[in-house]
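So the structure is just underneath, and the comments pick up after that.
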Amino acid sequence: MADRASAGKLKAQPQKARQLSKQGIGFLWRDTKSLPAADAQSGFREGLFIKRNSCVHHEHRAFGTSLSGLTLMDDTVAVSVKANSTILHRYETGLEPKNNRGLISVDVRSGAFIAMDPQHDPEVNAWLAQSLDGEMLDWLYEGWSQLVGVPSPTVAPDVRRLDWSLGQMLPFGQVFIYDRQDFYVVRDKTYLVEDLYCMNPECSCGDYKFVAFALDPKGTTGTQAVSFGAKLTHLGVSITDVPTAVEDELLAHRLWHLINARHNLRQRLFDRHARLMDLLPQILLAAKPATPPKPAPPARPTLDWASIPRNAPCPCGSGKKFKRCCITAGNAVLGRAS
C-alpha cells in the first residue's frame with residue numbers, strides 16, 4: 001500500500017491534454033496564445049493543477065463537489081508535484097506557479113453548476129467549467145462516492161436479481177449499479193438518461209436505446225419522459241426512432257445534443273457494451289425466460305357460399321333462412337347480383 005507522502009504524487013506530463021489520478025489531483029494542459037512568441041516556440045504549455053473536493057454538509061446539495069485549480073507554466077516533463085489539503089509543493093525546477101486560482105462547485109451527476117466562486121480568477125473558473133465532460137464528472141463522482149461511502153464503480157456487479165428478460169434491451173445501470181448515473185438539465189428540468197444495449201451475441205445490429213426519466217421536485221426518478229434510439233454508422237453515431245410528437249421530438253434532440261457534447265459517444269457505447277458482454281454468461285443465467293408470444297386465434301373456416309341452398313338455415317346462426325339473411329353477403333363474395 002502506498003504511504004501518505006507518495007499517494008499524492010503525480011508526474012506532470014504537459015504533452016497530454018489531461019491527467020487525472022486516483023488520489024484526487026491532476027493536471028489540465030493546453031497550448032496558450034497568451035505567451036510571448038519566443039516562449040511559445042520554446043515549448044511552453046499552460047497547465048492547470050486541479051484538485052477535487054467533496055462536501056457532505058447538510059446545507060449543501062447531496063451530490064455537490066468542487067473542483068479547484070492553480071495555473072502553472074511548464075517547459076519540461078520532468079516535474080513532480082504533490083498536494084495536501086491546502087498547499088501545492090514544488091519539487092523540481094521548471095514549474096512556475098502563476099497563483100491564479102479557480103474554484104467551481106458542481107452536481108457530479110449532471111454537471112450543473114451549484115456555484116462559481118467570484119473571488120477566484122474568472123478565466124481559471126471558465127477553464128475548469130469547460131473541462132466538465134463525462135470523464136471529468138466520473139472522476140469527480142469517484143471522489144464524492146469515496147467520501148459518502150458509496151461503493152466504487154469498480155465493484156463487481158451482482159446480476160442474480162437482474163430484472164430483465166431475454167429478447168429485451170438491457171439497461172447498463174441495472175448491472176453496474178454503482179457507476180455514475182447520467183443526468184441532464186433541459187429548460188430547468190432534470191432528466192435521468194439510461195442507455196440500453198442489445199445482448200444477443202449473434203446480433204450485429206449496432207442499435208442502442210436511450211430512455212429519459214423526468215425527476216420530480218424531490219429529485220427522485222419520475223415517469224418516463226421520452227425514448228429514442230442510436231445506431232453506429234461509418235460516420236459515427238446517429239439518432240434513430242425519434243418520437244413524432246413535437247414536444248417529445250424537441251426534447252429527444254436536445255438530450256441527444258447534450259449527450260454528444262458530454263461524451264465521446266461512439267467510444268462510450270463500445271466500452272459500456274463490452275463491459276456488459278464480459279458478464280454475458282452470468283446475465284443469461286439470471287435472465288427471466290422470454291415471454292412467449294400469444295397464440296394467434298384460430299382461423300375461421302372459409303364458407304363455400306356457392307354450396308349453400310337458398311332455403312337452408314343461414315350459417316351465421318340467426319335461425320333465418322339463408323335467402324332471408326346473409327345471401328347478399330354471399331353474392332358479394334361470389335360476384336353475383338343480389
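Ligands are numbered from 1 in the order shown, residues from 1 within each chain, and chains are lettered A, B, ... in the order they appear in the C-alpha cells.
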Next item on the list: Taking the chain letters and numbering used in this document, name the residues of segment 99-281 of chain A that DSSP puts in alpha helix (DSSP H), as a PyMOL selection string.
Entry: chain A and resi 122-130+134-148+172-175+246-262+265-278+280-281
Margin query: Residues within 12 Å of Ala126 of chain A, please, as a list of chain:residue names. Count only C-alpha atoms; anything in the same chain fewer than 2 positions from it doesn't count.
Written below: A:Leu48, A:Leu67, A:Ser68, A:Gly69, A:Arg101, A:Gly102, A:Leu103, A:Ile104, A:Phe113, A:Met116, A:Asp117, A:Pro118, A:His120, A:Asp121, A:Pro122, A:Glu123, A:Val124, A:Leu128, A:Ala129, A:Gln130, A:Ser131, A:Leu132
Contact residues around segment 159-171 of chain A with only C-alpha atoms at 9 Å, ignoring same-chain residues under 4 positions, as a compact mmCIF listing (two decimals) with N, CA, C and O atoms, in the first residue's frame:
# COMPACT_ATOMS: atom_id res chain seq x y z
N VAL A 175 -27.07 -3.37 -14.26
CA VAL A 175 -25.96 -4.28 -13.95
C VAL A 175 -24.89 -3.55 -13.15
O VAL A 175 -24.47 -4.02 -12.09
N PHE A 176 -24.44 -2.40 -13.64
CA PHE A 176 -23.39 -1.64 -12.97
C PHE A 176 -24.05 -0.53 -12.16
O PHE A 176 -24.05 0.64 -12.54
N GLU A 194 -30.94 6.80 -19.25
CA GLU A 194 -30.39 5.45 -19.20
C GLU A 194 -30.05 4.99 -20.61
O GLU A 194 -30.78 5.29 -21.56
N ASP A 195 -28.96 4.24 -20.75
CA ASP A 195 -28.58 3.68 -22.03
C ASP A 195 -28.79 2.17 -22.00
O ASP A 195 -28.41 1.50 -21.03
N LEU A 196 -29.39 1.62 -23.06
CA LEU A 196 -29.76 0.22 -23.14
C LEU A 196 -29.05 -0.44 -24.31
O LEU A 196 -28.81 0.20 -25.36
N TYR A 197 -28.76 -1.75 -24.15
CA TYR A 197 -27.92 -2.46 -25.11
C TYR A 197 -28.53 -3.79 -25.51
O TYR A 197 -29.18 -4.47 -24.70
N CYS A 198 -28.29 -4.17 -26.76
CA CYS A 198 -28.69 -5.49 -27.26
C CYS A 198 -27.69 -6.52 -26.75
O CYS A 198 -26.48 -6.35 -26.91
N MET A 199 -28.20 -7.60 -26.14
CA MET A 199 -27.32 -8.60 -25.54
C MET A 199 -27.29 -9.91 -26.32
O MET A 199 -26.84 -10.92 -25.81
N ASN A 200 -27.76 -9.89 -27.55
CA ASN A 200 -27.69 -11.09 -28.39
C ASN A 200 -26.29 -11.19 -28.97
O ASN A 200 -25.90 -10.35 -29.80
N TYR A 208 -28.73 0.90 -30.28
CA TYR A 208 -28.73 1.24 -28.87
C TYR A 208 -29.99 2.04 -28.58
O TYR A 208 -30.66 2.54 -29.49
N LYS A 209 -30.31 2.18 -27.32
CA LYS A 209 -31.52 2.91 -26.96
C LYS A 209 -31.25 3.79 -25.74
O LYS A 209 -30.48 3.41 -24.86
N PHE A 210 -31.88 4.95 -25.72
CA PHE A 210 -31.81 5.85 -24.59
C PHE A 210 -33.23 6.11 -24.08
O PHE A 210 -34.15 6.32 -24.87
N LEU A 276 -20.73 -5.06 -20.49
CA LEU A 276 -21.90 -5.93 -20.33
C LEU A 276 -21.65 -7.31 -20.94
O LEU A 276 -21.99 -8.34 -20.33
N LEU A 279 -19.91 -9.95 -19.01
CA LEU A 279 -20.72 -10.62 -17.98
C LEU A 279 -21.85 -11.44 -18.58
O LEU A 279 -22.76 -11.85 -17.85
N GLN A 282 -23.16 -14.75 -16.84
CA GLN A 282 -23.94 -14.54 -15.62
C GLN A 282 -25.28 -13.88 -15.92
O GLN A 282 -26.30 -14.19 -15.29
N ILE A 283 -25.28 -12.98 -16.88
CA ILE A 283 -26.52 -12.27 -17.22
C ILE A 283 -27.55 -13.25 -17.79
O ILE A 283 -28.74 -13.20 -17.45
N LEU A 284 -27.10 -14.15 -18.63
CA LEU A 284 -28.03 -15.11 -19.23
C LEU A 284 -28.58 -16.07 -18.18
O LEU A 284 -29.75 -16.47 -18.25
N LEU A 285 -27.75 -16.43 -17.19
CA LEU A 285 -28.24 -17.30 -16.12
C LEU A 285 -29.28 -16.60 -15.26
O LEU A 285 -30.22 -17.23 -14.75
N ALA A 286 -29.12 -15.28 -15.08
CA ALA A 286 -30.03 -14.54 -14.23
C ALA A 286 -31.28 -14.07 -14.95
O ALA A 286 -32.25 -13.65 -14.32
N ALA A 287 -31.27 -14.12 -16.29
CA ALA A 287 -32.37 -13.57 -17.06
C ALA A 287 -33.64 -14.38 -16.89
O ALA A 287 -33.62 -15.59 -16.69
N LYS A 288 -34.75 -13.69 -16.94
CA LYS A 288 -36.04 -14.35 -16.94
C LYS A 288 -36.28 -14.96 -18.31
O LYS A 288 -35.79 -14.45 -19.31
N PRO A 289 -37.05 -16.06 -18.37
CA PRO A 289 -37.36 -16.62 -19.69
C PRO A 289 -38.12 -15.59 -20.52
O PRO A 289 -38.89 -14.78 -20.01
N ALA A 290 -37.85 -15.64 -21.79
CA ALA A 290 -38.57 -14.73 -22.68
C ALA A 290 -40.05 -15.04 -22.66
O ALA A 290 -40.46 -16.21 -22.64
N THR A 291 -40.87 -14.03 -22.63
CA THR A 291 -42.32 -14.22 -22.63
C THR A 291 -42.76 -14.74 -23.99
O THR A 291 -42.52 -14.10 -25.02
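When the distance limit is 9 Å and only C-alpha atoms are what count, the residues near Leu20 of chain A, minus those fewer than 5 positions from it on the same chain, are Ile25, Gly26, Phe27, Leu28, Ile50, Met136 and Trp139 of chain A.
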Give one line per residue of segment 101-193 of chain A that approaches segment 216-230 of chain A to at most 9 Å, naming the two atoms of the closest pair and their distance in Å to one decimal, counting only C-alpha atoms; sort by chain then ascending residue number and deliver it as a tab-separated table.
residue	atom	partner	partner_atom	distance
A:Lys189	CA	A:Asp216	CA	8.8
A:Thr190	CA	A:Gly219	CA	8.3
A:Tyr191	CA	A:Thr221	CA	8.3
A:Leu192	CA	A:Thr221	CA	7.3
Using the selection just defined, write its residues with all heavy atoms as a compact mmCIF listing (two decimals), in the first residue's frame.
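So selection.txt came out as:
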# COMPACT_ATOMS: atom_id res chain seq x y z
N LYS A 189 -35.56 21.56 -16.07
CA LYS A 189 -35.99 20.23 -15.63
C LYS A 189 -34.81 19.26 -15.74
O LYS A 189 -34.02 19.34 -16.68
CB LYS A 189 -37.15 19.70 -16.47
CG LYS A 189 -38.47 20.43 -16.23
CD LYS A 189 -39.60 19.77 -17.00
CE LYS A 189 -40.93 20.45 -16.73
NZ LYS A 189 -42.05 19.80 -17.48
N THR A 190 -34.69 18.37 -14.75
CA THR A 190 -33.59 17.42 -14.73
C THR A 190 -34.08 16.05 -15.18
O THR A 190 -35.14 15.58 -14.74
CB THR A 190 -32.99 17.32 -13.32
OG1 THR A 190 -32.57 18.61 -12.91
CG2 THR A 190 -31.79 16.38 -13.30
N TYR A 191 -33.31 15.42 -16.06
CA TYR A 191 -33.67 14.12 -16.62
C TYR A 191 -32.55 13.12 -16.36
O TYR A 191 -31.37 13.42 -16.57
CB TYR A 191 -33.91 14.23 -18.13
CG TYR A 191 -35.07 15.12 -18.51
CD1 TYR A 191 -34.86 16.49 -18.71
CD2 TYR A 191 -36.35 14.62 -18.66
CE1 TYR A 191 -35.91 17.32 -19.05
CE2 TYR A 191 -37.41 15.44 -19.00
CZ TYR A 191 -37.19 16.80 -19.20
OH TYR A 191 -38.24 17.62 -19.54
N LEU A 192 -32.93 11.95 -15.91
CA LEU A 192 -32.00 10.81 -15.83
C LEU A 192 -32.09 10.08 -17.16
O LEU A 192 -33.18 9.69 -17.60
CB LEU A 192 -32.40 9.88 -14.69
CG LEU A 192 -31.79 8.47 -14.71
CD1 LEU A 192 -30.28 8.53 -14.57
CD2 LEU A 192 -32.40 7.60 -13.63
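Atom CA of Gly173 of chain A to atom CA of Val150 of chain A spans 15.0 Å [interatomic distance, one decimal].
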Notebook entry, point to check: Between A:Cys326, A:Met277, A:Ile239, A:Ile259, which has the minimum distance to Tyr184 of chain A (counting only C-alpha atoms)?
Noted result: A:Ile259
Margin query: Considering only strand (DSSP E or B) as DSSP defines it on the backbone, what residues of segment 208-284 of chain A qualify? List them as a list of chain:residue names.
Written below: A:Tyr208, A:Lys209, A:Phe210, A:Val211, A:Ala212, A:Phe213, A:Ala214, A:Leu215, A:Thr221, A:Gly222, A:Thr223, A:Gln224, A:Ala225, A:Val226, A:Ser227, A:Phe228, A:Gly229, A:Ala230, A:Lys231, A:Leu232, A:Thr233, A:Gly236, A:Val237, A:Ser238, A:Ile239, A:Thr240
